[in-house]
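Encoded as structure tokens, the structure appears first; notes follow it.
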Amino acid sequence: MEETHKAEHAAKPQKSGDVFWKVTTVVLIAILAIVAFRGNSGGTPTGGAVLPSLGGADPSPSAPIDMEALLDDDAVKGDKDAPVTIVEWSDFECPFCARFYEQTLPSIEEEYIKTGKVKLVYRDFPLGFHANAQKAAEAAECAGEQDKYWEMHDLLFGQGVQGGVAGFKQYAKTLGLNAAKFDACLDSGAMAGEIQQDMADGAAVGIQGTPGFIVNGKLVSGAQPFAVFKQVIDAELN
């Protein structure tokens, strides 16, 4: 094909204006194709990132991360003195977050959290296009006020958030919470500021979507399989 084009150009010289517009058209088509490709590349099987994510672990963050500062007063699962800390930013309505909860977290719990090697800190990062994510995050925090954070966390991921506020109030009753206190907390938006702080802290350390994790200062993006977390955790333990 290339040789044929050359032959045609040699037999019939082109006007300079025609050549200019043909070249310009080809360049514009190429640019549009690249933009379209990049726009479609964000939907990876491991993460629901707002922006395209590289996935996996980033071994060299741009600046040292103060893990203690990231703990805030959020819920902690595991030994508070565990040598490895995983801070998770998540969204109860995110299907990739649910995948991590169902497929990866159980192995981390069994091998590392129950053995005192890892503690997990859950922080909220509700995405704006998930209609029930904000109130679901508030519901978990409100349950935490009655020492039932992880129980509500498990219900929200296990049973889903489609029922919205009414569903979250029913979950509170299922957990035996003081319904009046829980409802007042949820309806007033008392925990909205806490969630906003979670999101701000996450953005500051490079979280762009959910789920996102900082493991002893290293960024892990997306619902990565257990093998990825094992590699990062073991490197910190050894």
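Identifiers for the structure tokens are assigned positionally: chains receive A, B, ... in sequence, residues are indexed from 1 per chain, and ligands are indexed from 1 in the order shown.
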Query raised in the report: Which neighbours of Cys142 of chain A fall inside 8 Å, counting only C-alpha atoms, when residues of the same chain fewer than 6 positions from it are skipped, and could you give them as JSON, numbers by chain?
Result: {"A": [149, 182, 185, 186, 191]}
Selected residues written out with C-alpha atoms, as a PDB file, in the first residue's frame:
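Output contents, as saved in again_22.pdb:
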```pdb
ATOM      1  CA  TYR A 149     -19.247   0.242  63.079  1.00  0.00           C
ATOM      2  CA  PHE A 182     -29.232   6.399  65.163  1.00  0.00           C
ATOM      3  CA  CYS A 185     -27.549  11.066  63.811  1.00  0.00           C
ATOM      4  CA  LEU A 186     -28.306  10.008  60.243  1.00  0.00           C
ATOM      5  CA  MET A 191     -21.184  12.728  60.330  1.00  0.00           C
TER       6      MET A 191
END
```
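Of the listed residues (A:Gln134, A:Asn178, A:Thr85, A:Ser107), A:Gln134 comes nearest to Ile195 of chain A; the distances count only C-alpha atoms.
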Requested in this report: From a DSSP pass on the backbone, collect the residues of segment 59-94 of chain A flagged as strand (DSSP E) and hand them back as JSON, numbers by chain.
Outcome: {"A": [76, 77, 84, 85, 86, 87, 88, 89, 90]}
Report task. For segment 154-159 of chain A, work out the shell of residues within 9 Å, counting only C-alpha atoms and skipping chain neighbours fewer than 2 positions away, then give it as a PyMOL selection string. Result -> chain A and resi 92-93+97-98+101-102+136+140+149-152+161-162+168+171
Report task. Just the helix (DSSP H, G or I) stuff from segment 53-136 of chain A, please, per backbone DSSP, written as a PyMOL selection string. Result -> chain A and resi 67-71+95-113+133-136
Tell me which protein, DNA and RNA residues are within 12 Å of Gly116 of chain A, counting only C-alpha atoms, leaving out same-chain ones fewer than 4 positions away, and put them as a CSV table (one decimal) with N, CA and C atoms, in the first residue's frame.
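result08.csv written:
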```csv
chain,number,residue,atom,x,y,z
A,77,LYS,N,-9.7,-2.3,62.6
A,77,LYS,CA,-9.9,-3.8,62.8
A,77,LYS,C,-8.5,-4.4,63.0
A,78,GLY,N,-8.3,-5.1,64.1
A,78,GLY,CA,-7.0,-5.7,64.4
A,78,GLY,C,-6.3,-5.1,65.5
A,79,ASP,N,-5.1,-5.6,65.8
A,79,ASP,CA,-4.3,-5.1,66.9
A,79,ASP,C,-3.8,-3.7,66.6
A,80,LYS,N,-4.0,-2.8,67.5
A,80,LYS,CA,-3.6,-1.4,67.3
A,80,LYS,C,-2.1,-1.3,67.2
A,81,ASP,N,-1.4,-2.3,67.7
A,81,ASP,CA,0.1,-2.2,67.7
A,81,ASP,C,0.7,-3.1,66.5
A,82,ALA,N,-0.2,-3.5,65.6
A,82,ALA,CA,0.3,-4.3,64.5
A,82,ALA,C,1.4,-3.6,63.7
A,83,PRO,N,2.4,-4.3,63.2
A,83,PRO,CA,3.5,-3.6,62.5
A,83,PRO,C,3.1,-3.1,61.1
A,84,VAL,N,2.1,-3.6,60.5
A,84,VAL,CA,1.6,-3.1,59.2
A,84,VAL,C,0.2,-2.5,59.3
A,85,THR,N,0.1,-1.3,58.8
A,85,THR,CA,-1.2,-0.6,58.8
A,85,THR,C,-1.7,-0.5,57.3
A,108,ILE,N,-6.9,-11.5,53.8
A,108,ILE,CA,-6.1,-10.6,54.6
A,108,ILE,C,-6.4,-10.7,56.1
A,109,GLU,N,-7.7,-10.8,56.4
A,109,GLU,CA,-8.1,-11.0,57.8
A,109,GLU,C,-7.5,-12.3,58.4
A,110,GLU,N,-7.7,-13.4,57.6
A,110,GLU,CA,-7.3,-14.7,58.2
A,110,GLU,C,-5.8,-14.8,58.4
A,111,GLU,N,-5.0,-14.3,57.4
A,111,GLU,CA,-3.6,-14.5,57.4
A,111,GLU,C,-2.8,-13.4,58.2
A,112,TYR,N,-3.4,-12.2,58.2
A,112,TYR,CA,-2.6,-11.1,58.8
A,112,TYR,C,-3.3,-10.3,59.9
A,120,LEU,N,-6.4,-2.8,60.0
A,120,LEU,CA,-7.1,-2.2,58.9
A,120,LEU,C,-7.8,-1.0,59.4
A,237,LEU,N,6.9,-6.8,56.4
A,237,LEU,CA,7.2,-7.6,57.6
A,237,LEU,C,8.6,-8.1,57.6
```
Query - Atom-to-atom span, atom CA of Met67 of chain A and atom CA of Ile214 of chain A, Å - result: 8.4 Å
**Report entry** Using only C-alpha atoms: which of A:Glu194, A:Asp72, A:Lys173, A:Asn216 has the shortest distance to Lys119 of chain A
**Finding:**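 Answer, going by the shortest atom-to-atom distance: A:Asn216.
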